[in-house]
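Engineer: Next up, target23.pdb (PDB, C-alpha atoms, pLDDT in the B column).
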```pdb
ATOM      1  CA  MET A 849     -41.102 -14.401 -15.028  1.00 60.00           C
ATOM      2  CA  PRO A 850     -37.751 -12.765 -15.769  1.00 72.00           C
ATOM      3  CA  GLU A 851     -36.414 -10.187 -13.429  1.00 77.00           C
ATOM      4  CA  PRO A 852     -36.287  -6.575 -14.607  1.00 74.00           C
ATOM      5  CA  PRO A 853     -32.816  -5.385 -15.674  1.00 69.00           C
ATOM      6  CA  ASP A 854     -30.617  -3.805 -13.034  1.00 74.00           C
ATOM      7  CA  ARG A 855     -30.546  -0.039 -13.701  1.00 72.00           C
ATOM      8  CA  ASP A 856     -27.068   0.384 -12.248  1.00 73.00           C
ATOM      9  CA  VAL A 857     -25.513  -2.203 -14.578  1.00 70.00           C
ATOM     10  CA  TYR A 858     -27.505  -1.400 -17.725  1.00 68.00           C
ATOM     11  CA  ARG A 859     -27.919   2.332 -17.853  1.00 72.00           C
ATOM     12  CA  GLU A 860     -30.512   3.818 -20.182  1.00 70.00           C
ATOM     13  CA  PRO A 861     -29.157   5.742 -23.176  1.00 65.00           C
ATOM     14  CA  PRO A 862     -29.885   9.441 -23.254  1.00 63.00           C
ATOM     15  CA  ARG A 863     -33.319  10.240 -24.608  1.00 64.00           C
ATOM     16  CA  ARG A 864     -32.174  13.011 -26.976  1.00 66.00           C
ATOM     17  CA  THR A 865     -29.042  13.120 -29.055  1.00 63.00           C
ATOM     18  CA  PRO A 866     -27.262  16.365 -28.422  1.00 63.00           C
ATOM     19  CA  ALA A 867     -26.712  18.629 -31.442  1.00 64.00           C
ATOM     20  CA  PRO A 868     -23.123  18.929 -32.642  1.00 64.00           C
ATOM     21  CA  ASN A 869     -21.451  22.005 -31.303  1.00 65.00           C
ATOM     22  CA  PRO A 870     -19.039  23.445 -33.875  1.00 61.00           C
ATOM     23  CA  GLN A 871     -15.795  24.577 -32.340  1.00 67.00           C
ATOM     24  CA  SER A 872     -15.267  27.468 -34.739  1.00 67.00           C
ATOM     25  CA  GLY A 873     -16.987  29.371 -37.538  1.00 71.00           C
ATOM     26  CA  ILE A 874     -14.278  28.450 -40.107  1.00 75.00           C
ATOM     27  CA  PRO A 875     -15.506  25.824 -42.604  1.00 76.00           C
ATOM     28  CA  ASN A 876     -13.789  22.464 -42.612  1.00 81.00           C
ATOM     29  CA  PRO A 877     -11.126  22.381 -45.387  1.00 86.00           C
ATOM     30  CA  VAL A 878     -11.987  18.791 -46.273  1.00 89.00           C
ATOM     31  CA  ASP A 879     -15.594  19.786 -46.966  1.00 88.00           C
ATOM     32  CA  LEU A 880     -14.350  22.683 -49.081  1.00 88.00           C
ATOM     33  CA  ILE A 881     -12.054  20.420 -51.131  1.00 93.00           C
ATOM     34  CA  LEU A 882     -14.855  17.884 -51.630  1.00 92.00           C
ATOM     35  CA  LYS A 883     -17.257  20.591 -52.860  1.00 92.00           C
ATOM     36  CA  ILE A 884     -14.637  21.964 -55.279  1.00 93.00           C
ATOM     37  CA  TYR A 885     -13.992  18.446 -56.603  1.00 93.00           C
ATOM     38  CA  GLU A 886     -17.710  17.765 -56.943  1.00 93.00           C
ATOM     39  CA  TYR A 887     -18.410  20.903 -58.973  1.00 93.00           C
ATOM     40  CA  THR A 888     -15.250  20.909 -61.136  1.00 94.00           C
ATOM     41  CA  VAL A 889     -14.741  17.208 -61.858  1.00 93.00           C
ATOM     42  CA  ASP A 890     -17.635  15.017 -60.813  1.00 93.00           C
ATOM     43  CA  ALA A 891     -20.575  17.115 -62.013  1.00 95.00           C
ATOM     44  CA  PRO A 892     -19.290  17.652 -65.611  1.00 95.00           C
ATOM     45  CA  VAL A 893     -18.247  14.019 -65.971  1.00 95.00           C
ATOM     46  CA  THR A 894     -21.594  12.800 -64.658  1.00 95.00           C
ATOM     47  CA  ALA A 895     -23.477  15.185 -66.947  1.00 95.00           C
ATOM     48  CA  TRP A 896     -21.446  14.005 -69.968  1.00 95.00           C
ATOM     49  CA  ARG A 897     -22.027  10.333 -69.094  1.00 95.00           C
ATOM     50  CA  ASN A 898     -25.772  10.902 -68.704  1.00 94.00           C
ATOM     51  CA  PHE A 899     -25.841  12.622 -72.110  1.00 94.00           C
ATOM     52  CA  ILE A 900     -23.990   9.712 -73.757  1.00 91.00           C
ATOM     53  CA  GLU A 901     -26.276   7.162 -72.095  1.00 91.00           C
ATOM     54  CA  ARG A 902     -29.344   9.008 -73.383  1.00 91.00           C
ATOM     55  CA  GLN A 903     -27.887   8.975 -76.909  1.00 88.00           C
ATOM     56  CA  HIS A 904     -27.128   5.257 -76.693  1.00 85.00           C
ATOM     57  CA  ALA A 905     -30.635   4.568 -75.423  1.00 86.00           C
ATOM     58  CA  LYS A 906     -32.038   6.222 -78.571  1.00 87.00           C
ATOM     59  CA  HIS A 907     -29.765   4.337 -80.977  1.00 80.00           C
ATOM     60  CA  LYS A 908     -29.220   0.804 -79.735  1.00 75.00           C
ATOM     61  CA  PHE A 909     -26.148  -0.851 -81.227  1.00 69.00           C
ATOM     62  CA  TYR A 910     -25.678  -4.565 -80.901  1.00 66.00           C
ATOM     63  CA  TYR A 911     -22.069  -5.309 -81.721  1.00 66.00           C
ATOM     64  CA  TYR A 912     -22.541  -9.059 -81.868  1.00 69.00           C
ATOM     65  CA  HIS A 913     -25.071  -8.914 -84.729  1.00 64.00           C
ATOM     66  CA  GLN A 914     -22.855  -7.518 -87.431  1.00 71.00           C
ATOM     67  CA  HIS A 915     -24.110  -8.329 -90.907  1.00 75.00           C
ATOM     68  CA  PHE A 916     -21.736  -8.244 -93.846  1.00 78.00           C
ATOM     69  CA  ARG A 917     -23.063  -7.895 -97.355  1.00 83.00           C
ATOM     70  CA  ARG A 918     -22.053 -10.645 -99.742  1.00 87.00           C
ATOM     71  CA  VAL A 919     -19.326  -9.496-102.087  1.00 86.00           C
ATOM     72  CA  PRO A 920     -18.491 -10.888-105.516  1.00 85.00           C
ATOM     73  CA  ASP A 921     -16.479 -14.068-105.659  1.00 86.00           C
ATOM     74  CA  LEU A 922     -12.833 -13.991-106.694  1.00 87.00           C
ATOM     75  CA  THR A 923     -13.854 -15.358-110.104  1.00 87.00           C
ATOM     76  CA  GLU A 924     -16.007 -12.260-110.711  1.00 90.00           C
ATOM     77  CA  CYS A 925     -13.226  -9.750-109.904  1.00 89.00           C
ATOM     78  CA  LEU A 926     -11.215  -8.103-112.633  1.00 90.00           C
ATOM     79  CA  GLU A 927      -7.491  -8.818-112.774  1.00 87.00           C
ATOM     80  CA  ASP A 928      -6.350  -5.355-111.607  1.00 91.00           C
ATOM     81  CA  ASP A 929      -9.184  -4.743-109.136  1.00 91.00           C
ATOM     82  CA  PHE A 930      -7.315  -5.050-105.857  1.00 92.00           C
ATOM     83  CA  LEU A 931     -10.211  -3.851-103.721  1.00 93.00           C
ATOM     84  CA  CYS A 932     -12.520  -6.505-105.133  1.00 92.00           C
ATOM     85  CA  SER A 933      -9.814  -9.137-104.582  1.00 92.00           C
ATOM     86  CA  PHE A 934      -9.344  -8.006-100.987  1.00 93.00           C
ATOM     87  CA  GLU A 935     -13.091  -8.086-100.301  1.00 92.00           C
ATOM     88  CA  ALA A 936     -13.303 -11.552-101.852  1.00 92.00           C
ATOM     89  CA  GLU A 937     -10.453 -12.736 -99.606  1.00 92.00           C
ATOM     90  CA  MET A 938     -12.213 -11.349 -96.522  1.00 92.00           C
ATOM     91  CA  GLN A 939     -15.483 -12.970 -97.606  1.00 92.00           C
ATOM     92  CA  TRP A 940     -13.694 -16.295 -98.080  1.00 91.00           C
ATOM     93  CA  ASP A 941     -12.108 -15.962 -94.633  1.00 92.00           C
ATOM     94  CA  ARG A 942     -15.510 -15.292 -93.025  1.00 91.00           C
ATOM     95  CA  ASP A 943     -17.007 -18.255 -94.901  1.00 92.00           C
ATOM     96  CA  LYS A 944     -14.185 -20.472 -93.670  1.00 93.00           C
ATOM     97  CA  LYS A 945     -14.800 -19.403 -90.072  1.00 93.00           C
ATOM     98  CA  VAL A 946     -18.537 -20.024 -90.434  1.00 93.00           C
ATOM     99  CA  ASP A 947     -17.915 -23.478 -91.930  1.00 94.00           C
ATOM    100  CA  ALA A 948     -15.510 -24.283 -89.075  1.00 95.00           C
ATOM    101  CA  GLU A 949     -18.177 -23.309 -86.529  1.00 95.00           C
ATOM    102  CA  ILE A 950     -20.760 -25.456 -88.319  1.00 96.00           C
ATOM    103  CA  LEU A 951     -18.305 -28.353 -88.160  1.00 96.00           C
ATOM    104  CA  LYS A 952     -17.810 -27.788 -84.410  1.00 96.00           C
ATOM    105  CA  ILE A 953     -21.563 -27.689 -83.785  1.00 96.00           C
ATOM    106  CA  VAL A 954     -22.158 -30.940 -85.666  1.00 96.00           C
ATOM    107  CA  GLN A 955     -19.223 -32.543 -83.834  1.00 96.00           C
ATOM    108  CA  ASP A 956     -20.628 -31.392 -80.478  1.00 95.00           C
ATOM    109  CA  ARG A 957     -24.014 -32.884 -81.370  1.00 95.00           C
ATOM    110  CA  LEU A 958     -22.367 -36.183 -82.255  1.00 95.00           C
ATOM    111  CA  SER A 959     -20.317 -36.288 -79.054  1.00 94.00           C
ATOM    112  CA  ALA A 960     -23.383 -35.399 -76.946  1.00 94.00           C
ATOM    113  CA  CYS A 961     -25.350 -38.191 -78.609  1.00 93.00           C
ATOM    114  CA  THR A 962     -22.470 -40.617 -78.041  1.00 93.00           C
ATOM    115  CA  ARG A 963     -22.274 -39.710 -74.345  1.00 93.00           C
ATOM    116  CA  ARG A 964     -26.038 -39.868 -73.951  1.00 91.00           C
ATOM    117  CA  GLU A 965     -26.525 -43.228 -75.656  1.00 89.00           C
ATOM    118  CA  GLY A 966     -23.507 -44.999 -74.201  1.00 87.00           C
ATOM    119  CA  GLU A 967     -22.870 -48.487 -75.598  1.00 89.00           C
ATOM    120  CA  SER A 968     -25.688 -48.335 -78.149  1.00 89.00           C
ATOM    121  CA  HIS A 969     -24.468 -45.139 -79.810  1.00 88.00           C
ATOM    122  CA  PHE A 970     -23.637 -46.972 -83.049  1.00 90.00           C
ATOM    123  CA  GLN A 971     -27.332 -47.666 -83.715  1.00 90.00           C
ATOM    124  CA  ASN A 972     -28.900 -44.605 -82.063  1.00 91.00           C
ATOM    125  CA  CYS A 973     -26.495 -41.959 -83.368  1.00 92.00           C
ATOM    126  CA  ALA A 974     -26.280 -43.161 -86.976  1.00 93.00           C
ATOM    127  CA  GLY A 975     -28.006 -40.030 -88.325  1.00 93.00           C
ATOM    128  CA  GLU A 976     -25.635 -37.713 -86.469  1.00 94.00           C
ATOM    129  CA  MET A 977     -22.667 -39.783 -87.662  1.00 95.00           C
ATOM    130  CA  GLU A 978     -23.774 -39.544 -91.311  1.00 96.00           C
ATOM    131  CA  GLN A 979     -24.320 -35.794 -90.994  1.00 96.00           C
ATOM    132  CA  PHE A 980     -20.881 -35.417 -89.398  1.00 96.00           C
ATOM    133  CA  LYS A 981     -19.250 -37.418 -92.192  1.00 96.00           C
ATOM    134  CA  GLU A 982     -20.935 -35.260 -94.853  1.00 97.00           C
ATOM    135  CA  VAL A 983     -19.905 -32.008 -93.156  1.00 96.00           C
ATOM    136  CA  VAL A 984     -16.311 -33.188 -92.684  1.00 96.00           C
ATOM    137  CA  LYS A 985     -16.124 -34.331 -96.313  1.00 94.00           C
ATOM    138  CA  ALA A 986     -17.430 -30.969 -97.568  1.00 93.00           C
ATOM    139  CA  TYR A 987     -15.077 -29.023 -95.285  1.00 93.00           C
ATOM    140  CA  GLN A 988     -12.106 -31.179 -96.278  1.00 91.00           C
ATOM    141  CA  SER A 989     -12.852 -30.895 -99.984  1.00 88.00           C
ATOM    142  CA  ARG A 990     -12.990 -27.104 -99.761  1.00 88.00           C
ATOM    143  CA  TYR A 991     -10.382 -26.176 -97.148  1.00 89.00           C
ATOM    144  CA  GLY A 992      -8.253 -29.309 -96.749  1.00 86.00           C
ATOM    145  CA  ASP A 993      -4.595 -29.244 -97.833  1.00 85.00           C
ATOM    146  CA  LEU A 994      -4.549 -25.437 -97.897  1.00 86.00           C
ATOM    147  CA  GLY A 995      -2.568 -25.120 -94.686  1.00 82.00           C
ATOM    148  CA  TYR A 996      -2.680 -22.293 -92.198  1.00 83.00           C
ATOM    149  CA  HIS A 997      -2.030 -19.603 -94.789  1.00 86.00           C
ATOM    150  CA  GLY A 998      -4.784 -20.672 -97.159  1.00 87.00           C
ATOM    151  CA  THR A 999      -6.325 -17.954 -99.290  1.00 88.00           C
ATOM    152  CA  ALA A1000      -9.280 -17.670-101.620  1.00 88.00           C
ATOM    153  CA  ARG A1001      -6.952 -17.828-104.624  1.00 88.00           C
ATOM    154  CA  LYS A1002      -5.354 -21.079-103.398  1.00 90.00           C
ATOM    155  CA  CYS A1003      -8.800 -22.512-102.686  1.00 89.00           C
ATOM    156  CA  LEU A1004      -9.957 -21.563-106.173  1.00 88.00           C
ATOM    157  CA  MET A1005      -6.906 -23.214-107.737  1.00 90.00           C
ATOM    158  CA  LYS A1006      -7.522 -26.340-105.651  1.00 89.00           C
ATOM    159  CA  GLN A1007     -11.123 -26.424-106.871  1.00 87.00           C
ATOM    160  CA  LYS A1008      -9.987 -25.935-110.470  1.00 90.00           C
ATOM    161  CA  HIS A1009      -7.479 -28.809-110.238  1.00 91.00           C
ATOM    162  CA  ARG A1010     -10.099 -31.064-108.635  1.00 89.00           C
ATOM    163  CA  MET A1011     -12.564 -30.319-111.445  1.00 92.00           C
ATOM    164  CA  ILE A1012      -9.903 -30.987-114.108  1.00 95.00           C
ATOM    165  CA  ALA A1013      -9.062 -34.305-112.421  1.00 94.00           C
ATOM    166  CA  GLU A1014     -12.767 -35.247-112.337  1.00 94.00           C
ATOM    167  CA  ARG A1015     -13.122 -34.436-116.059  1.00 95.00           C
ATOM    168  CA  LYS A1016     -10.066 -36.544-116.879  1.00 95.00           C
ATOM    169  CA  ALA A1017     -11.456 -39.433-114.809  1.00 94.00           C
ATOM    170  CA  GLU A1018     -14.823 -39.162-116.610  1.00 94.00           C
ATOM    171  CA  ALA A1019     -13.103 -39.060-119.991  1.00 93.00           C
ATOM    172  CA  ALA A1020     -10.990 -42.104-119.078  1.00 93.00           C
ATOM    173  CA  ALA A1021     -14.085 -43.979-117.877  1.00 92.00           C
ATOM    174  CA  ALA A1022     -15.968 -43.065-121.056  1.00 91.00           C
ATOM    175  CA  ALA A1023     -13.001 -44.187-123.189  1.00 90.00           C
ATOM    176  CA  GLU A1024     -12.897 -47.561-121.409  1.00 89.00           C
ATOM    177  CA  THR A1025     -16.622 -48.171-121.872  1.00 86.00           C
ATOM    178  CA  THR A1026     -16.379 -47.543-125.630  1.00 83.00           C
ATOM    179  CA  HIS A1027     -13.467 -49.981-126.071  1.00 72.00           C
TER     180      HIS A1027
END
```
For this file, write the structure as structure tokens.
Structural biologist:
Amino acid sequence: MPEPPDRDVYREPPRRTPAPNPQSGIPNPVDLILKIYEYTVDAPVTAWRNFIERQHAKHKFYYYHQHFRRVPDLTECLEDDFLCSFEAEMQWDRDKKVDAEILKIVQDRLSACTRREGESHFQNCAGEMEQFKEVVKAYQSRYGDLGYHGTARKCLMKQKHRMIAERKAEAAAAAETTH
């Protein structure tokens, strides 16, 4: 059995904590400054923040789910309608960003499949490879050769020239078959 502690070495703490005895009747200036700050600065700011939080709780706003309405294409705008042209340019820019993200997602799927399958990725990832080729071909046909400063008008002209070239190729092929 352990020995009881030595009372001379380990004295017992006092049983009751004595009450603080203020030295004077003058209030502490620090307490006064803190109370003034609390009532003049902290209380109004806290009340305003609580009011704003209550308003936000009523009307939830999710900034990452912004939906844009589809605007007319550049082909549907009148020649002097600058606002319509601007909206069409912004719509084209958003579409380009969306198509770039789709391309990244398909590329990530292909690279994940390639890493997962290892040596046999040629057989097991054929579907992902075909999908990637289709997406790249579509992206390249629409946005390729436009450069960094590509616009909806340049894209439309590129599409027009591609369609004219296809018509000429069809006409040439039809002329060869008749001869």
Engineer: Measuring between all atoms listed in the file, which one of A:His904, A:Lys1006, A:Arg963, A:Lys944 shows the shortest distance to Tyr987 in chain A?
Structural biologist: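 That would be A:Lys944, the residue with the smallest distance to Tyr987 in chain A.
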Engineer: For Lys1002 in chain A, which residue among A:Ala1022, A:Val893, A:Leu958, A:Leu922 is the nearest when counting all atoms listed in the file?
Structural biologist: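 Closest to Lys1002 in chain A of all the choices is A:Leu922.
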Engineer: Would you compute the distance between CA of Ala895 in chain A and CA of Leu880 in chain A? Give it in Å to one decimal.
Structural biologist: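 Separation between CA of Ala895 in chain A and CA of Leu880 in chain A: 21.4 Å.
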Engineer: Could you list, as a ChimeraX atom specification, every residue within 8 Å of Arg957 in chain A, counting all atoms listed in the file and ignoring same-chain residues fewer than 4 positions away?
Structural biologist: /A:953,961,976
Engineer: Report as a ChimeraX atom specification all protein, DNA and RNA residues lying within 10 Å of Gln1007 in chain A, evaluated on only C-alpha atoms, omitting residues in the same chain fewer than 6 positions from it.
Structural biologist: /A:989-991,1001,1013
Engineer: Record the distance separating CA of Val878 in chain A and CA of Ala891 in chain A, expressed in Å with one decimal.
Structural biologist: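 So the two atoms, CA of Val878 in chain A and CA of Ala891 in chain A, lie 18.0 Å apart.
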Engineer: Ranking A:Arg902, A:Gly975, A:Val984, A:Glu937 by minimum distance to Glu949 in chain A and counting all atoms listed in the file, which one comes first?
Structural biologist: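 The shortest atom-to-atom distance to Glu949 in chain A comes from A:Val984.
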Engineer: Extract, using all atoms listed in the file, all DNA, RNA and protein residues at most 9 Å from Gln939 in chain A, discarding same-chain residues fewer than 3 positions from it, and format them as an NGL selection string.
Structural biologist: :A and (916 or 918-921 or 934-936 or 942-944 or 1000)
Engineer: Compare A:Cys1003, A:Leu994, A:Val983, A:Ile900 by their minimum atom-to-atom distance to Ala948 in chain A, counting only C-alpha atoms, and give me the closest one.
Structural biologist: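 Looking at the shortest contact to Ala948 in chain A, the residue is A:Val983.
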Engineer: Between CA of Ala974 in chain A and CA of Lys945 in chain A, what is the distance in Å, rounded to a tenth?
Structural biologist: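 According to the coordinates, CA of Ala974 in chain A and CA of Lys945 in chain A are separated by 26.6 Å.
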